[in-house]
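Source file query.tsv; content: TSV, C-alpha atoms and all ligand atoms.
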chain	number	residue	atom	x	y	z
W	1	MET	CA	-13.76	16.23	-19.84
W	2	GLU	CA	-15.11	15.65	-16.41
W	3	GLN	CA	-14.06	16.87	-12.98
W	4	GLU	CA	-12.92	13.77	-11.10
W	5	ARG	CA	-11.39	12.95	-7.75
W	6	THR	CA	-8.82	10.22	-7.28
W	7	LEU	CA	-6.45	8.72	-4.73
W	8	VAL	CA	-2.66	8.83	-4.92
W	9	LEU	CA	-0.48	7.00	-2.41
W	10	ILE	CA	3.20	7.68	-1.96
W	11	LYS	CA	4.34	4.20	-0.96
W	12	PRO	CA	6.78	3.44	1.88
W	13	ASP	CA	9.74	3.44	-0.53
W	14	GLY	CA	8.81	6.95	-1.77
W	15	VAL	CA	8.59	8.29	1.78
W	16	GLN	CA	11.81	6.56	2.85
W	17	ARG	CA	13.63	7.98	-0.16
W	18	GLY	CA	12.60	11.57	0.61
W	19	LEU	CA	10.41	11.94	-2.48
W	20	ILE	CA	7.23	13.34	-0.87
W	21	GLY	CA	7.77	16.93	-2.05
W	22	GLU	CA	9.00	15.92	-5.50
W	23	ILE	CA	5.93	13.76	-6.08
W	24	ILE	CA	3.30	16.19	-4.78
W	25	THR	CA	4.90	18.95	-6.85
W	26	ARG	CA	4.35	16.99	-10.05
W	27	PHE	CA	0.59	16.77	-9.46
W	28	GLU	CA	0.33	20.41	-8.39
W	29	ARG	CA	2.34	21.61	-11.40
W	30	LYS	CA	0.01	19.75	-13.75
W	31	GLY	CA	-2.93	21.70	-12.33
W	32	LEU	CA	-4.44	18.98	-10.16
W	33	LYS	CA	-5.88	20.31	-6.89
W	34	PRO	CA	-4.97	18.57	-3.61
W	35	VAL	CA	-8.21	18.10	-1.65
W	36	GLY	CA	-6.99	15.64	0.99
W	37	LEU	CA	-3.53	14.95	2.39
W	38	LYS	CA	-2.12	12.86	5.24
W	39	LEU	CA	0.92	10.92	6.43
W	40	LEU	CA	0.01	7.62	8.04
W	41	THR	CA	1.04	4.06	8.62
W	42	LEU	CA	-1.48	1.83	6.89
W	43	SER	CA	-3.07	-0.85	9.07
W	44	LYS	CA	-3.20	-4.45	7.80
W	45	ASP	CA	-7.01	-4.22	7.60
W	46	LYS	CA	-6.91	-1.10	5.46
W	47	ALA	CA	-4.15	-2.46	3.22
W	48	GLU	CA	-6.23	-5.61	2.64
W	49	GLU	CA	-9.30	-3.50	1.87
W	50	LEU	CA	-7.32	-1.31	-0.52
W	51	TYR	CA	-5.84	-4.23	-2.41
W	52	SER	CA	-8.92	-6.51	-2.24
W	53	PRO	CA	-9.06	-6.81	-6.07
W	54	HIS	CA	-5.64	-8.54	-5.88
W	55	VAL	CA	-6.53	-11.19	-3.26
W	56	GLY	CA	-5.11	-14.56	-4.31
W	57	LYS	CA	-2.43	-13.18	-6.61
W	58	PHE	CA	1.11	-14.36	-5.89
W	59	PHE	CA	2.29	-10.87	-4.92
W	60	TYR	CA	-0.66	-10.00	-2.64
W	61	ASP	CA	0.79	-11.04	0.74
W	62	TYR	CA	4.08	-9.24	0.19
W	63	LEU	CA	2.27	-6.17	-1.19
W	64	VAL	CA	0.22	-5.91	2.03
W	65	GLN	CA	3.35	-6.48	4.14
W	66	PHE	CA	5.28	-3.82	2.21
W	67	MET	CA	2.48	-1.24	2.28
W	68	THR	CA	2.15	-1.56	6.07
W	69	SER	CA	5.92	-1.58	6.77
W	70	ASN	CA	6.49	2.19	7.04
W	71	PRO	CA	4.57	5.47	6.69
W	72	ILE	CA	2.87	6.38	3.43
W	73	VAL	CA	1.29	9.60	2.17
W	74	ALA	CA	-2.34	9.60	1.03
W	75	LEU	CA	-3.25	12.39	-1.36
W	76	ALA	CA	-6.66	13.03	-2.86
W	77	VAL	CA	-6.56	15.18	-5.98
W	78	GLU	CA	-9.24	16.72	-8.14
W	79	GLY	CA	-9.29	17.99	-11.70
W	80	ASN	CA	-10.49	17.33	-15.23
W	81	ASP	CA	-10.01	13.64	-16.05
W	82	ALA	CA	-7.96	13.31	-12.86
W	83	ILE	CA	-8.04	9.49	-12.79
W	84	GLU	CA	-6.37	9.02	-16.17
W	85	LEU	CA	-4.09	12.04	-15.76
W	86	VAL	CA	-2.71	10.79	-12.46
W	87	ARG	CA	-2.06	7.37	-13.96
W	88	MET	CA	-0.15	9.02	-16.78
W	89	ILE	CA	1.91	11.12	-14.38
W	90	ASN	CA	2.66	7.99	-12.29
W	91	GLY	CA	3.68	5.91	-15.32
W	92	ALA	CA	3.23	2.21	-16.07
W	93	THR	CA	3.50	-0.38	-13.30
W	94	LYS	CA	6.27	-2.39	-14.97
W	95	PRO	CA	9.67	-0.67	-14.70
W	96	MET	CA	10.56	-1.38	-18.35
W	97	GLU	CA	7.30	0.20	-19.51
W	98	SER	CA	7.23	3.37	-17.38
W	99	ALA	CA	8.30	6.28	-19.56
W	100	PRO	CA	11.05	8.66	-18.47
W	101	GLY	CA	9.36	11.82	-17.21
W	102	SER	CA	6.76	9.81	-15.31
W	103	ILE	CA	7.24	9.28	-11.56
W	104	ARG	CA	7.85	5.55	-11.90
W	105	GLY	CA	9.92	6.08	-15.05
W	106	ASP	CA	12.17	8.48	-13.18
W	107	PHE	CA	12.32	6.86	-9.76
W	108	SER	CA	11.53	3.14	-9.77
W	109	ILE	CA	13.25	-0.04	-10.91
W	110	ASP	CA	10.98	-2.65	-9.29
W	111	ILE	CA	7.34	-3.59	-9.84
W	112	THR	CA	6.44	-3.69	-6.13
W	113	HIS	CA	8.66	-0.91	-4.83
W	114	ASN	CA	7.28	1.49	-7.40
W	115	VAL	CA	6.94	4.70	-5.33
W	116	VAL	CA	3.30	5.53	-6.05
W	117	HIS	CA	-0.16	4.03	-6.35
W	118	ALA	CA	-3.23	5.52	-8.03
W	119	SER	CA	-6.83	4.45	-8.48
W	120	ASP	CA	-7.52	2.95	-11.89
W	121	SER	CA	-11.26	3.62	-12.36
W	122	PRO	CA	-14.03	5.85	-10.99
W	123	GLU	CA	-15.38	2.92	-8.95
W	124	ASN	CA	-11.99	2.13	-7.42
W	125	ALA	CA	-11.28	5.83	-6.81
W	126	GLU	CA	-14.47	6.12	-4.77
W	127	ARG	CA	-13.77	2.91	-2.87
W	128	GLU	CA	-10.10	3.66	-2.21
W	129	LEU	CA	-10.77	7.26	-1.12
W	130	ARG	CA	-13.21	5.86	1.46
W	131	VAL	CA	-10.51	3.49	2.76
W	132	LEU	CA	-8.01	6.30	3.29
W	133	PHE	CA	-10.13	9.33	4.18
W	134	ASP	CA	-12.87	9.74	6.78
W	135	ASP	CA	-15.85	12.07	6.38
W	136	GLY	CA	-14.70	15.67	6.55
W	137	GLU	CA	-11.10	14.93	5.60
W	138	ILE	CA	-11.62	15.80	1.94
W	139	LEU	CA	-12.13	19.52	1.44
W	140	GLU	CA	-13.99	21.48	-1.18
W	141	TYR	CA	-12.45	24.79	-2.12
W	142	GLN	CA	-11.70	27.00	-5.11
W	143	ARG	CA	-8.11	27.60	-6.07
W	144	ILE	CA	-7.32	31.07	-7.36
W	145	ASP	CA	-5.68	29.74	-10.55
W	146	GLU	CA	-8.66	27.66	-11.70
W	147	ALA	CA	-9.98	30.32	-14.10
W	148	VAL	CA	-6.58	30.44	-15.78
W	149	LEU	CA	-6.06	26.66	-15.78
W	150	TYR	CA	-9.41	25.91	-17.38
W	151	GLY	CA	-10.51	29.15	-19.09
W	152	PRO	CA	-14.20	29.76	-19.80
W	153	ASP	CA	-16.68	26.97	-20.56
W	154	LEU	CA	-17.13	26.84	-24.34
Y	201	LIG	P1	-0.26	-0.49	-7.42
Y	201	LIG	O1	-0.57	0.63	-8.35
Y	201	LIG	O2	-0.09	-0.17	-5.98
Y	201	LIG	O3	-1.42	-1.58	-7.57
Y	201	LIG	C1	-1.20	-2.95	-7.30
Y	201	LIG	C2	0.23	-3.23	-7.03
Y	201	LIG	O4	0.58	-4.59	-7.11
Y	201	LIG	C3	1.08	-2.57	-8.10
Y	201	LIG	O5	1.08	-1.19	-7.92
Y	201	LIG	C4	2.40	-3.26	-7.91
Y	201	LIG	O6	3.19	-2.66	-6.91
Y	201	LIG	C5	1.94	-4.63	-7.45
Y	201	LIG	N1	2.08	-5.61	-8.56
Y	201	LIG	C6	1.34	-5.66	-9.66
Y	201	LIG	N2	1.77	-6.69	-10.46
Y	201	LIG	C7	2.79	-7.26	-9.80
Y	201	LIG	C8	3.63	-8.35	-10.10
Y	201	LIG	N3	3.51	-9.05	-11.23
Y	201	LIG	N4	4.59	-8.66	-9.20
Y	201	LIG	C9	4.72	-7.97	-8.05
Y	201	LIG	N5	3.92	-6.93	-7.72
Y	201	LIG	C10	2.99	-6.56	-8.58
Using structure tokens, write down the structure that the file contains.
Amino acid sequence: MEQERTLVLIKPDGVQRGLIGEIITRFERKGLKPVGLKLLTLSKDKAEELYSPHVGKFFYDYLVQFMTSNPIVALAVEGNDAIELVRMINGATKPMESAPGSIRGDFSIDITHNVVHASDSPENAERELRVLFDDGEILEYQRIDEAVLYGPDL
């Protein structure tokens, strides 16, 4: 287990549908610590930077258009194995594969309008966090429940 930091985005459909609180609650309840949080409208430049690994794919242009169409929430979270945990909480990208109980399994029916995004690797987490957060916007702090969440080092 390793303490990791990763990026979650609540996409325009999640914000428009009033799911901000519901979604953040799921990460908090799991024990993940919010270390950065903002509501913003993504610029075209930043959306293109974020989704640069998908340049050339048939869905890329619409994805950029959709992600810049309305406000999103950017959330940086930290915790043991945060990258994989967040992906599990979000659920699979394809609607038929996202398990009930996951965010996408519970709230999405379409592969593009799928409520949340999360980084898929340590390299992408670092890159994507830099796209969404400036220096000083990610905070380091101890949460009072950490000793209970993790127990002693064995
Ligand atoms: P996200 O986690 O934001 O990362 C890339 C996004 O591309 C993904 O969620 C989907 O919304 C979108 N995407 C991936 N595959 C497809 C596809 N086959 N058709 C349309 N959109 C897709």
#### Entry: Protein/DNA/RNA residues near (-4.8, 13.8, 2.4), cut 12 Å, all atoms listed in the file, as a ChimeraX atom specification
/W:6-10,24,33-40,72-78,129-139
### Summary
The distance between CA of Asp81 in chain W and CA of Leu32 in chain W is 9.7 Å
#### Entry: Cut-off 10 Å, all atoms listed in the file, neighbours of ligand LIG 201 (chain Y) as number ranges by chain
W: 8-11, 50-54, 57-64, 66-67, 87, 90-94, 110-120
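Computed from the coordinates, the CA of Phe107 in chain W to CA of Asp145 in chain W distance equals 29.1 Å.
From CA of Tyr150 in chain W back to CA of Lys30 in chain W, the distance works out to 11.8 Å.
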### Query
Any idea what's packed within 9 Å of Asn70 in chain W, counting all atoms listed in the file, ignoring anything in its chain fewer than 5 positions away? Could you give it as a list in words?
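Residues meeting the cut-off are Lys11, Pro12, Asp13, Val15, Gln16, Leu40, Thr41 and Leu42 of chain W.
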### Query
Nearest to Asp45 in chain W: which of W:Glu126, W:Thr68, W:Arg104, W:Phe27 is it, counting only C-alpha atoms?
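Counting only C-alpha atoms, the residue closest to Asp45 in chain W is W:Thr68.
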### Message
Please determine, counting all atoms listed in the file, which residue among W:Pro71, W:Ile23, W:Arg143, W:Ala82 has the shortest atom-to-atom distance to Ser121 in chain W.
### Response
W:Ala82
